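Data from my_file_38.txt: compact mmCIF, C-alpha atoms
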```
# COMPACT_ATOMS: atom_id res chain seq x y z
CA MET W 242 10.45 11.14 -8.92
CA THR W 243 8.88 7.92 -7.64
CA LYS W 244 5.38 7.70 -9.07
CA LEU W 245 2.67 6.25 -6.85
CA LYS W 246 0.92 3.18 -8.23
CA TYR W 247 -2.28 4.15 -6.42
CA THR W 248 -3.43 7.54 -5.17
CA LEU W 249 -6.40 8.81 -3.20
CA LYS W 250 -8.03 9.44 -6.59
CA THR W 251 -8.14 5.65 -7.12
CA ASP W 252 -11.82 5.04 -6.42
CA THR W 253 -11.38 1.67 -4.69
CA LEU W 254 -8.61 2.99 -2.43
CA PHE W 255 -10.59 6.15 -1.66
CA LYS W 256 -13.63 4.15 -0.64
CA MET W 257 -11.75 1.54 1.39
CA LEU W 258 -9.49 3.99 3.20
CA PHE W 259 -12.18 6.37 4.42
CA THR W 260 -14.70 3.69 5.34
CA LYS W 261 -12.01 1.87 7.36
CA TYR W 262 -10.88 5.12 9.01
CA PRO W 263 -14.12 7.03 9.70
CA LYS W 264 -12.35 9.54 11.97
CA LEU W 265 -10.25 10.63 9.00
CA LEU W 266 -13.38 10.81 6.84
CA LYS W 267 -15.02 13.01 9.46
CA ARG W 268 -12.03 15.38 9.41
CA LEU W 269 -12.06 15.42 5.60
CA VAL W 270 -15.78 16.18 5.35
CA ALA W 271 -15.52 18.93 7.97
CA ALA W 272 -12.70 20.55 6.01
CA LEU W 273 -14.57 20.33 2.69
CA LEU W 274 -17.74 21.76 4.24
CA GLY W 275 -15.81 24.51 6.05
CA ILE W 276 -16.95 23.53 9.55
CA LYS W 277 -15.09 22.43 12.67
CA HIS W 278 -14.94 18.69 13.05
CA GLU W 279 -15.77 19.10 16.77
CA SER W 280 -19.17 20.48 15.71
CA ILE W 281 -20.12 17.17 14.08
CA GLU W 282 -22.14 15.27 16.67
CA GLN W 283 -23.91 12.83 14.36
CA PHE W 284 -21.78 11.02 11.79
CA ASN W 285 -22.78 7.79 10.05
CA ILE W 286 -21.49 6.10 6.90
CA ASN W 287 -24.51 4.68 5.09
CA ASN W 288 -22.72 2.56 2.44
CA PRO W 289 -19.46 1.30 3.97
CA GLU W 290 -19.22 -1.93 1.95
CA ILE W 291 -17.68 -2.48 -1.47
CA SER W 292 -19.79 -5.15 -3.12
CA PRO W 293 -17.89 -7.46 -5.52
CA GLU W 294 -21.05 -7.55 -7.66
CA GLU W 295 -21.01 -3.77 -7.94
CA LEU W 296 -17.39 -3.72 -9.11
CA GLY W 297 -18.35 -5.50 -12.31
CA LYS W 298 -21.05 -3.04 -13.28
CA LYS W 299 -20.39 -0.52 -16.00
CA PHE W 300 -21.58 2.46 -13.99
CA CYS W 301 -20.23 1.42 -10.61
CA ARG W 302 -20.11 4.39 -8.19
CA LEU W 303 -17.70 4.13 -5.30
CA ASP W 304 -19.07 7.18 -3.51
CA ILE W 305 -19.36 7.55 0.25
CA ASN W 306 -22.82 8.40 1.51
CA MET W 307 -23.09 9.83 5.00
CA THR W 308 -25.44 11.39 7.52
CA VAL W 309 -23.81 14.42 9.12
CA ASN W 310 -25.78 16.22 11.85
CA GLY W 311 -29.04 15.26 10.18
CA GLN W 312 -27.83 16.25 6.71
CA LYS W 313 -27.27 13.82 3.85
CA VAL W 314 -23.77 14.20 2.43
CA ASP W 315 -22.52 12.34 -0.64
CA LEU W 316 -18.79 12.43 -1.41
CA GLU W 317 -17.70 11.63 -4.98
CA VAL W 318 -14.28 11.36 -6.63
CA GLN W 319 -14.42 11.69 -10.42
CA ILE W 320 -11.10 11.74 -12.25
CA SER W 321 -11.97 11.51 -15.96
CA ASP W 322 -14.39 13.80 -17.73
CA GLU W 323 -17.08 11.49 -19.10
CA GLY W 324 -19.34 14.39 -20.00
CA ASN W 325 -22.48 15.89 -18.45
CA TYR W 326 -21.05 15.88 -14.93
CA PRO W 327 -23.21 18.81 -13.69
CA GLU W 328 -26.32 16.87 -14.73
CA ARG W 329 -24.98 13.70 -13.12
CA SER W 330 -24.27 15.51 -9.86
CA LEU W 331 -27.81 16.91 -9.92
CA PHE W 332 -29.10 13.39 -10.47
CA TYR W 333 -27.07 12.14 -7.49
CA TRP W 334 -28.42 15.00 -5.38
CA ALA W 335 -32.03 14.37 -6.47
CA ARG W 336 -31.77 10.67 -5.70
CA GLU W 337 -30.38 11.27 -2.23
CA PHE W 338 -32.81 14.11 -1.51
CA SER W 339 -35.91 12.24 -2.64
CA SER W 340 -34.98 9.19 -0.55
CA GLY W 341 -34.86 11.31 2.60
CA ILE W 342 -38.47 10.64 3.59
CA ASP W 343 -40.84 7.68 3.38
CA GLU W 344 -44.05 7.69 1.38
CA GLY W 345 -46.71 9.80 3.07
CA GLU W 346 -44.32 11.84 5.21
CA ASP W 347 -44.29 15.62 5.21
CA TYR W 348 -42.01 17.23 2.60
CA ALA W 349 -40.77 19.54 5.33
CA LEU W 350 -38.92 16.53 6.76
CA LEU W 351 -36.70 16.23 3.68
CA PRO W 352 -33.12 16.68 4.90
CA ARG W 353 -30.57 19.16 3.66
CA THR W 354 -28.65 17.24 0.99
CA ILE W 355 -25.09 18.04 -0.06
CA VAL W 356 -23.06 16.52 -2.90
CA ILE W 357 -19.29 17.06 -2.75
CA SER W 358 -17.39 16.28 -5.95
CA ILE W 359 -13.59 16.07 -6.09
CA LEU W 360 -12.70 16.33 -9.78
CA GLY W 361 -9.55 15.47 -11.68
CA PHE W 362 -10.57 17.66 -14.65
CA ASP W 363 -11.62 21.26 -15.26
CA GLN W 364 -15.38 21.46 -14.97
CA PHE W 365 -15.41 25.26 -15.13
CA PRO W 366 -12.52 26.17 -17.45
CA ASP W 367 -13.33 29.89 -17.45
CA SER W 368 -12.88 30.13 -13.69
CA LYS W 369 -9.54 30.10 -11.86
CA LYS W 370 -11.16 29.06 -8.57
CA PHE W 371 -10.64 25.45 -7.55
CA HIS W 372 -13.77 25.47 -5.33
CA SER W 373 -17.28 26.29 -6.57
CA GLU W 374 -20.45 26.07 -4.50
CA PHE W 375 -23.97 26.08 -5.94
CA GLN W 376 -27.33 26.56 -4.28
CA LEU W 377 -30.86 27.44 -5.42
CA LEU W 378 -30.99 31.26 -5.59
CA GLU W 379 -33.31 33.86 -7.15
CA VAL W 380 -31.47 35.14 -10.24
CA THR W 381 -31.61 38.89 -9.47
CA SER W 382 -31.79 39.20 -5.71
CA ASN W 383 -29.82 36.01 -4.89
CA GLU W 384 -32.47 35.19 -2.31
CA PRO W 385 -32.26 31.45 -1.52
CA LEU W 386 -35.26 29.32 -2.40
CA THR W 387 -34.14 26.71 0.12
CA ASP W 388 -30.92 25.74 1.86
CA LYS W 389 -31.58 22.05 1.29
CA MET W 390 -29.68 21.87 -2.01
CA VAL W 391 -25.91 22.33 -2.01
CA LEU W 392 -23.36 21.21 -4.62
CA HIS W 393 -19.62 21.57 -4.01
CA PHE W 394 -17.07 21.10 -6.81
CA TYR W 395 -13.33 20.87 -6.08
CA GLU W 396 -11.13 20.93 -9.20
CA LEU W 397 -7.75 19.41 -8.35
CA ASN W 398 -6.00 20.71 -11.48
CA LYS W 399 -6.44 24.30 -10.25
CA LEU W 400 -4.81 23.83 -6.84
CA PRO W 401 -1.92 26.24 -6.17
CA PRO W 402 1.53 24.87 -5.25
CA LEU W 403 2.03 23.42 -1.78
CA ASP W 404 2.65 26.19 0.76
CA SER W 405 3.35 26.33 4.48
CA THR W 406 0.23 28.46 4.99
CA ASP W 407 -2.17 25.99 3.38
CA SER W 408 -5.42 25.45 5.24
CA GLY W 409 -6.54 22.03 6.38
CA ARG W 410 -8.94 21.84 3.43
CA ASP W 411 -6.20 22.65 0.93
CA LEU W 412 -3.87 20.06 2.44
CA TRP W 413 -6.54 17.37 2.09
CA LEU W 414 -7.05 18.27 -1.57
CA LYS W 415 -3.29 18.27 -2.23
CA LEU W 416 -3.10 14.87 -0.60
CA PHE W 417 -5.73 13.68 -3.07
CA ASN W 418 -3.72 15.24 -5.89
CA ALA W 419 -0.36 13.76 -4.86
CA GLU W 420 1.10 11.57 -7.61
CA THR W 421 4.62 10.86 -6.24
CA GLU W 422 6.37 9.77 -3.05
CA GLU W 423 8.13 13.13 -3.00
CA GLU W 424 4.80 14.98 -2.86
CA LEU W 425 3.67 12.81 0.04
CA ALA W 426 6.96 13.50 1.82
CA LYS W 427 6.48 17.28 1.42
CA ILE W 428 3.02 17.06 2.97
CA GLU W 429 4.39 14.94 5.84
CA GLU W 430 7.20 17.44 6.44
CA MET W 431 4.66 20.17 7.16
CA GLY W 432 4.09 18.44 10.50
CA VAL W 433 0.28 18.41 10.47
CA PRO W 434 -0.73 15.39 12.61
CA VAL W 435 -3.91 14.53 10.68
CA MET W 436 -1.99 14.56 7.39
CA ARG W 437 0.64 12.18 8.78
CA GLU W 438 -2.16 9.95 10.05
CA ALA W 439 -3.91 10.02 6.67
CA ILE W 440 -0.70 9.19 4.78
CA GLY W 441 -0.01 6.31 7.15
CA ALA W 442 -3.54 4.99 6.60
CA TYR W 443 -3.10 5.37 2.85
CA ARG W 444 0.11 3.31 2.89
CA HIS W 445 -1.49 0.63 5.06
CA VAL W 446 -4.55 0.24 2.84
CA ALA W 447 -2.60 0.42 -0.44
CA ALA W 448 -0.36 -2.45 0.74
CA SER W 449 -3.18 -4.63 2.08
CA PRO W 450 -4.15 -7.89 0.31
CA GLU W 451 -7.81 -6.95 0.64
CA PHE W 452 -7.32 -3.74 -1.37
CA ARG W 453 -5.14 -5.48 -3.97
CA GLU W 454 -7.84 -8.10 -4.54
CA ILE W 455 -10.59 -5.49 -4.85
CA GLU W 456 -8.43 -3.42 -7.20
CA ARG W 457 -7.71 -6.55 -9.25
CA MET W 458 -11.44 -7.17 -9.59
CA ARG W 459 -12.03 -3.52 -10.43
CA SER W 460 -9.25 -3.53 -13.04
CA LYS W 461 -10.65 -6.73 -14.55
CA ALA W 462 -14.08 -5.13 -14.74
CA ARG W 463 -12.60 -2.08 -16.49
CA HIS W 464 -10.66 -4.34 -18.87
CA ASP W 465 -13.74 -6.45 -19.62
CA GLU W 466 -15.77 -3.30 -20.19
CA ALA W 467 -13.11 -1.86 -22.52
CA GLN W 468 -12.86 -5.17 -24.40
CA ALA W 469 -16.63 -5.42 -24.71
CA LEU W 470 -16.73 -1.87 -26.03
CA LYS W 471 -13.95 -2.62 -28.50
CA ASN W 472 -15.75 -5.76 -29.69
CA ALA W 473 -18.99 -3.83 -29.99
CA GLU W 474 -17.23 -1.15 -32.03
CA ARG W 475 -15.67 -3.81 -34.27
CA ARG W 476 -19.03 -5.55 -34.78
CA GLY W 477 -20.63 -2.19 -35.39
CA GLU W 478 -17.97 -1.30 -37.95
CA GLU W 479 -18.41 -4.63 -39.72
CA ARG W 480 -22.17 -4.26 -39.77
CA GLY W 481 -21.75 -0.70 -40.96
CA ILE W 482 -19.64 -1.90 -43.87
CA GLU W 483 -22.25 -4.52 -44.75
CA LEU W 484 -25.05 -1.99 -44.62
CA GLY W 485 -22.90 0.44 -46.59
CA ILE W 486 -22.33 -2.12 -49.32
CA GLU W 487 -26.03 -2.99 -49.40
CA ARG W 488 -27.00 0.63 -49.53
CA GLY W 489 -24.32 1.28 -52.13
CA ILE W 490 -25.71 -1.46 -54.37
CA GLU W 491 -29.24 -0.14 -53.92
CA ARG W 492 -28.13 3.38 -54.63
CA GLY W 493 -26.09 2.16 -57.60
CA ILE W 494 -29.15 0.45 -59.05
CA GLU W 495 -31.23 3.56 -58.44
CA ARG W 496 -28.62 5.77 -60.06
CA GLY W 497 -28.27 3.25 -62.92
CA ILE W 498 -32.00 3.37 -63.57
CA GLU W 499 -32.03 7.16 -63.31
CA ARG W 500 -29.02 7.43 -65.62
CA GLY W 501 -30.54 4.89 -68.00
CA ILE W 502 -33.73 6.94 -68.21
CA GLU W 503 -31.74 10.12 -68.69
CA ARG W 504 -29.60 8.49 -71.39
CA GLY W 505 -32.68 6.98 -73.01
CA ILE W 506 -34.31 10.40 -73.19
CA GLU W 507 -31.12 11.87 -74.64
CA ARG W 508 -30.87 9.07 -77.22
CA GLY W 509 -34.56 9.40 -77.94
CA ILE W 510 -34.20 13.11 -78.61
CA GLU W 511 -31.13 12.49 -80.79
CA ARG W 512 -32.93 9.74 -82.72
CA GLY W 513 -36.02 11.90 -82.97
CA ILE W 514 -34.00 14.69 -84.48
CA GLU W 515 -32.37 12.26 -86.94
CA LEU W 516 -35.72 10.77 -87.90
CA GLY W 517 -37.20 14.23 -88.13
CA ILE W 518 -34.48 15.29 -90.54
CA GLU W 519 -34.91 12.11 -92.60
CA ARG W 520 -38.68 12.52 -92.63
CA GLY W 521 -38.27 16.16 -93.51
CA ILE W 522 -36.01 15.34 -96.43
CA GLU W 523 -38.38 12.62 -97.63
CA ARG W 524 -41.38 14.90 -97.28
CA GLY W 525 -39.56 17.67 -99.09
CA ALA W 526 -38.74 15.32 -101.95
CA GLU W 527 -42.36 14.16 -102.15
CA ILE W 528 -43.59 17.73 -102.24
CA GLU W 529 -41.05 18.56 -104.94
CA ARG W 530 -42.10 15.50 -107.00
CA GLU W 531 -45.76 16.38 -106.63
CA LYS W 532 -44.98 19.94 -107.71
CA TRP W 533 -43.16 18.83 -110.87
CA GLN W 534 -45.78 16.20 -111.62
CA GLY W 535 -48.37 18.98 -111.50
CA VAL W 536 -46.32 21.10 -113.84
CA ALA W 537 -45.90 18.18 -116.22
CA THR W 538 -49.65 17.54 -116.23
CA GLU W 539 -50.36 21.19 -116.95
CA ASN W 540 -47.86 21.06 -119.83
CA GLU W 541 -49.58 17.97 -121.30
CA GLU W 542 -52.93 19.68 -121.11
CA LEU W 543 -51.52 22.78 -122.83
CA ARG W 544 -49.94 20.67 -125.57
CA ALA W 545 -53.24 18.86 -126.09
CA GLN W 546 -55.08 22.18 -126.40
CA LEU W 547 -52.49 23.50 -128.88
CA ALA W 548 -52.77 20.37 -130.96
CA GLU W 549 -56.54 20.71 -131.00
CA LEU W 550 -56.31 24.36 -132.13
CA ARG W 551 -53.87 23.49 -134.86
CA ALA W 552 -56.18 20.78 -136.08
CA GLN W 553 -59.11 23.19 -136.30
CA LEU W 554 -57.04 25.80 -138.08
CA GLY W 555 -55.94 23.19 -140.62
CA LYS W 556 -59.57 22.36 -141.48
CA ASN W 557 -60.36 25.96 -142.11
```

Any chance you could put this one into structure tokens?
Amino acid sequence: MTKLKYTLKTDTLFKMLFTKYPKLLKRLVAALLGIKHESIEQFNINNPEISPEELGKKFCRLDINMTVNGQKVDLEVQISDEGNYPERSLFYWAREFSSGIDEGEDYALLPRTIVISILGFDQFPDSKKFHSEFQLLEVTSNEPLTDKMVLHFYELNKLPPLDSTDSGRDLWLKLFNAETEEELAKIEEMGVPVMREAIGAYRHVAASPEFREIERMRSKARHDEAQALKNAERRGEERGIELGIERGIERGIERGIERGIERGIERGIERGIELGIERGIERGAEIEREKWQGVATENEELRAQLAELRAQLGKN
């Protein structure tokens, strides 16, 4: 297998190819929307340029924004799951929809707005379908609130194997999903003229100096972003360690004080018991001495009385 260095999932190649070959883009959009390309009378690409300044931004979107028969259509390719994609696609839709009229114009003039997302990950893992379409519907009757909101999701990982009966839409998606020269050759062998034309355009753009320079800038921006993130993580880790040490010292002091108080209370109780015993013994001895002193005094008094009686008896 000869792996392709770039595929149609490469955002810079996707954007450059279809803005340079608008007839192919028109055929692609018709297939993804399920309409005949001959029915498209109005077709304009609203953001055909790839700005070098945009390539360096962290959240650079290389989408293709179009006007198709009065409708606004935004085509996105998202390969990695960065989280919250349904919310992001709603945000993209809302931005396009709300920009459809100027201030003061009637809301009725807002155009039908469609976001088409080609995904390289499973957005709906519980579903086996590779195509999901969402609109605003009443939850029980499925009555549409409006037809001006449409979201299409195409999950490339769920595509079935290449087959001779594939529809035009499926062939386009499998072209996006092709990772090797052999897969491209199989699609070419099916003899569908538009697929051969698209593969030829792909090879031409992928080999062009213009694309290579843009991809170099894009890769540099990704590298710089990854390096900046790595540096930020390192600085964050270092600062976290510092704060951890500071907090550890503070907590150690707090625990030391708490333990000191606890130990002081324990020692105080122990010493109190010891002193209590000592004082008890001393007090007991004092009481005992006082008792015997009292007895001795009583004995002296009795002896004195006896002596006095004897003296009286002797006189008589």

So that I can check the surroundings of Phe375 in chain W, please list as a ChimeraX atom specification every protein, DNA and RNA residue that reaches within 7 Å of it, counting all atoms listed in the file and ignoring chain neighbours fewer than 2 positions away.
/W:373,391-393

Specify the axis-aligned box that encloses all atoms of range 503-511 of chain W listed in the file after padding of 6 Å on each side, stating its centre and edge lengths in Å to one decimal as AutoDock Vina command-line options.
```
--center_x -32.1 --center_y 10.0 --center_z -74.7 --size_x 17.0 --size_y 18.1 --size_z 24.1
```

From (-9.5, 19.0, -7.2), in the file's coordinates, out to 6 Å: which residues are reached, counting all atoms listed in the file? Answer as a list in words.
Ile359, Leu360, Gly361, Tyr395, Glu396, Leu397 and Asn398 of chain W

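If you look at CA of Leu249 in chain W and CA of Asn418 in chain W, they are 7.5 Å away from each other.
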
A straight line from CA of Phe284 in chain W to CA of Val309 in chain W spans 4.8 Å

Residue contacts of Glu323 in chain W (12 Å, only C-alpha atoms) excluding same-chain residues fewer than 4 positions away, as a PyMOL selection string:
chain W and resi 300+319+327-329+360-364

Quick one, how far is CA of Gly521 in chain W from CA of Ile506 in chain W?
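CA of Gly521 in chain W sits 21.5 Å away from CA of Ile506 in chain W.
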
Residues within 12 Å of range 399-410 of chain W, please, as a ChimeraX atom specification. Count only C-alpha atoms; anything in the same chain fewer than 5 positions from it doesn't count.
/W:268-278,359-373,394,415-419,424-436

Requested write-out: C-alpha atoms of the selected residues, as a PDB file, in the frame of the given file:
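Result file follows (result_25.pdb):
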```pdb
ATOM      1  CA  ARG W 268     -12.030  15.380   9.410  1.00  0.00           C
ATOM      2  CA  LEU W 269     -12.060  15.420   5.600  1.00  0.00           C
ATOM      3  CA  VAL W 270     -15.780  16.180   5.350  1.00  0.00           C
ATOM      4  CA  ALA W 271     -15.520  18.930   7.970  1.00  0.00           C
ATOM      5  CA  ALA W 272     -12.700  20.550   6.010  1.00  0.00           C
ATOM      6  CA  LEU W 273     -14.570  20.330   2.690  1.00  0.00           C
ATOM      7  CA  LEU W 274     -17.740  21.760   4.240  1.00  0.00           C
ATOM      8  CA  GLY W 275     -15.810  24.510   6.050  1.00  0.00           C
ATOM      9  CA  ILE W 276     -16.950  23.530   9.550  1.00  0.00           C
ATOM     10  CA  LYS W 277     -15.090  22.430  12.670  1.00  0.00           C
ATOM     11  CA  HIS W 278     -14.940  18.690  13.050  1.00  0.00           C
ATOM     12  CA  ILE W 359     -13.590  16.070  -6.090  1.00  0.00           C
ATOM     13  CA  LEU W 360     -12.700  16.330  -9.780  1.00  0.00           C
ATOM     14  CA  GLY W 361      -9.550  15.470 -11.680  1.00  0.00           C
ATOM     15  CA  PHE W 362     -10.570  17.660 -14.650  1.00  0.00           C
ATOM     16  CA  ASP W 363     -11.620  21.260 -15.260  1.00  0.00           C
ATOM     17  CA  GLN W 364     -15.380  21.460 -14.970  1.00  0.00           C
ATOM     18  CA  PHE W 365     -15.410  25.260 -15.130  1.00  0.00           C
ATOM     19  CA  PRO W 366     -12.520  26.170 -17.450  1.00  0.00           C
ATOM     20  CA  ASP W 367     -13.330  29.890 -17.450  1.00  0.00           C
ATOM     21  CA  SER W 368     -12.880  30.130 -13.690  1.00  0.00           C
ATOM     22  CA  LYS W 369      -9.540  30.100 -11.860  1.00  0.00           C
ATOM     23  CA  LYS W 370     -11.160  29.060  -8.570  1.00  0.00           C
ATOM     24  CA  PHE W 371     -10.640  25.450  -7.550  1.00  0.00           C
ATOM     25  CA  HIS W 372     -13.770  25.470  -5.330  1.00  0.00           C
ATOM     26  CA  SER W 373     -17.280  26.290  -6.570  1.00  0.00           C
ATOM     27  CA  PHE W 394     -17.070  21.100  -6.810  1.00  0.00           C
ATOM     28  CA  LYS W 415      -3.290  18.270  -2.230  1.00  0.00           C
ATOM     29  CA  LEU W 416      -3.100  14.870  -0.600  1.00  0.00           C
ATOM     30  CA  PHE W 417      -5.730  13.680  -3.070  1.00  0.00           C
ATOM     31  CA  ASN W 418      -3.720  15.240  -5.890  1.00  0.00           C
ATOM     32  CA  ALA W 419      -0.360  13.760  -4.860  1.00  0.00           C
ATOM     33  CA  GLU W 424       4.800  14.980  -2.860  1.00  0.00           C
ATOM     34  CA  LEU W 425       3.670  12.810   0.040  1.00  0.00           C
ATOM     35  CA  ALA W 426       6.960  13.500   1.820  1.00  0.00           C
ATOM     36  CA  LYS W 427       6.480  17.280   1.420  1.00  0.00           C
ATOM     37  CA  ILE W 428       3.020  17.060   2.970  1.00  0.00           C
ATOM     38  CA  GLU W 429       4.390  14.940   5.840  1.00  0.00           C
ATOM     39  CA  GLU W 430       7.200  17.440   6.440  1.00  0.00           C
ATOM     40  CA  MET W 431       4.660  20.170   7.160  1.00  0.00           C
ATOM     41  CA  GLY W 432       4.090  18.440  10.500  1.00  0.00           C
ATOM     42  CA  VAL W 433       0.280  18.410  10.470  1.00  0.00           C
ATOM     43  CA  PRO W 434      -0.730  15.390  12.610  1.00  0.00           C
ATOM     44  CA  VAL W 435      -3.910  14.530  10.680  1.00  0.00           C
ATOM     45  CA  MET W 436      -1.990  14.560   7.390  1.00  0.00           C
TER      46      MET W 436
END
```

Using all atoms listed in the file - which residues lie no farther than 9 Å from the point (-9.4, 1.1, -0.5) in the file's frame? Write them as a PyMOL selection string.
chain W and resi 249+251-261+443+446-447+449+451-453+455-456
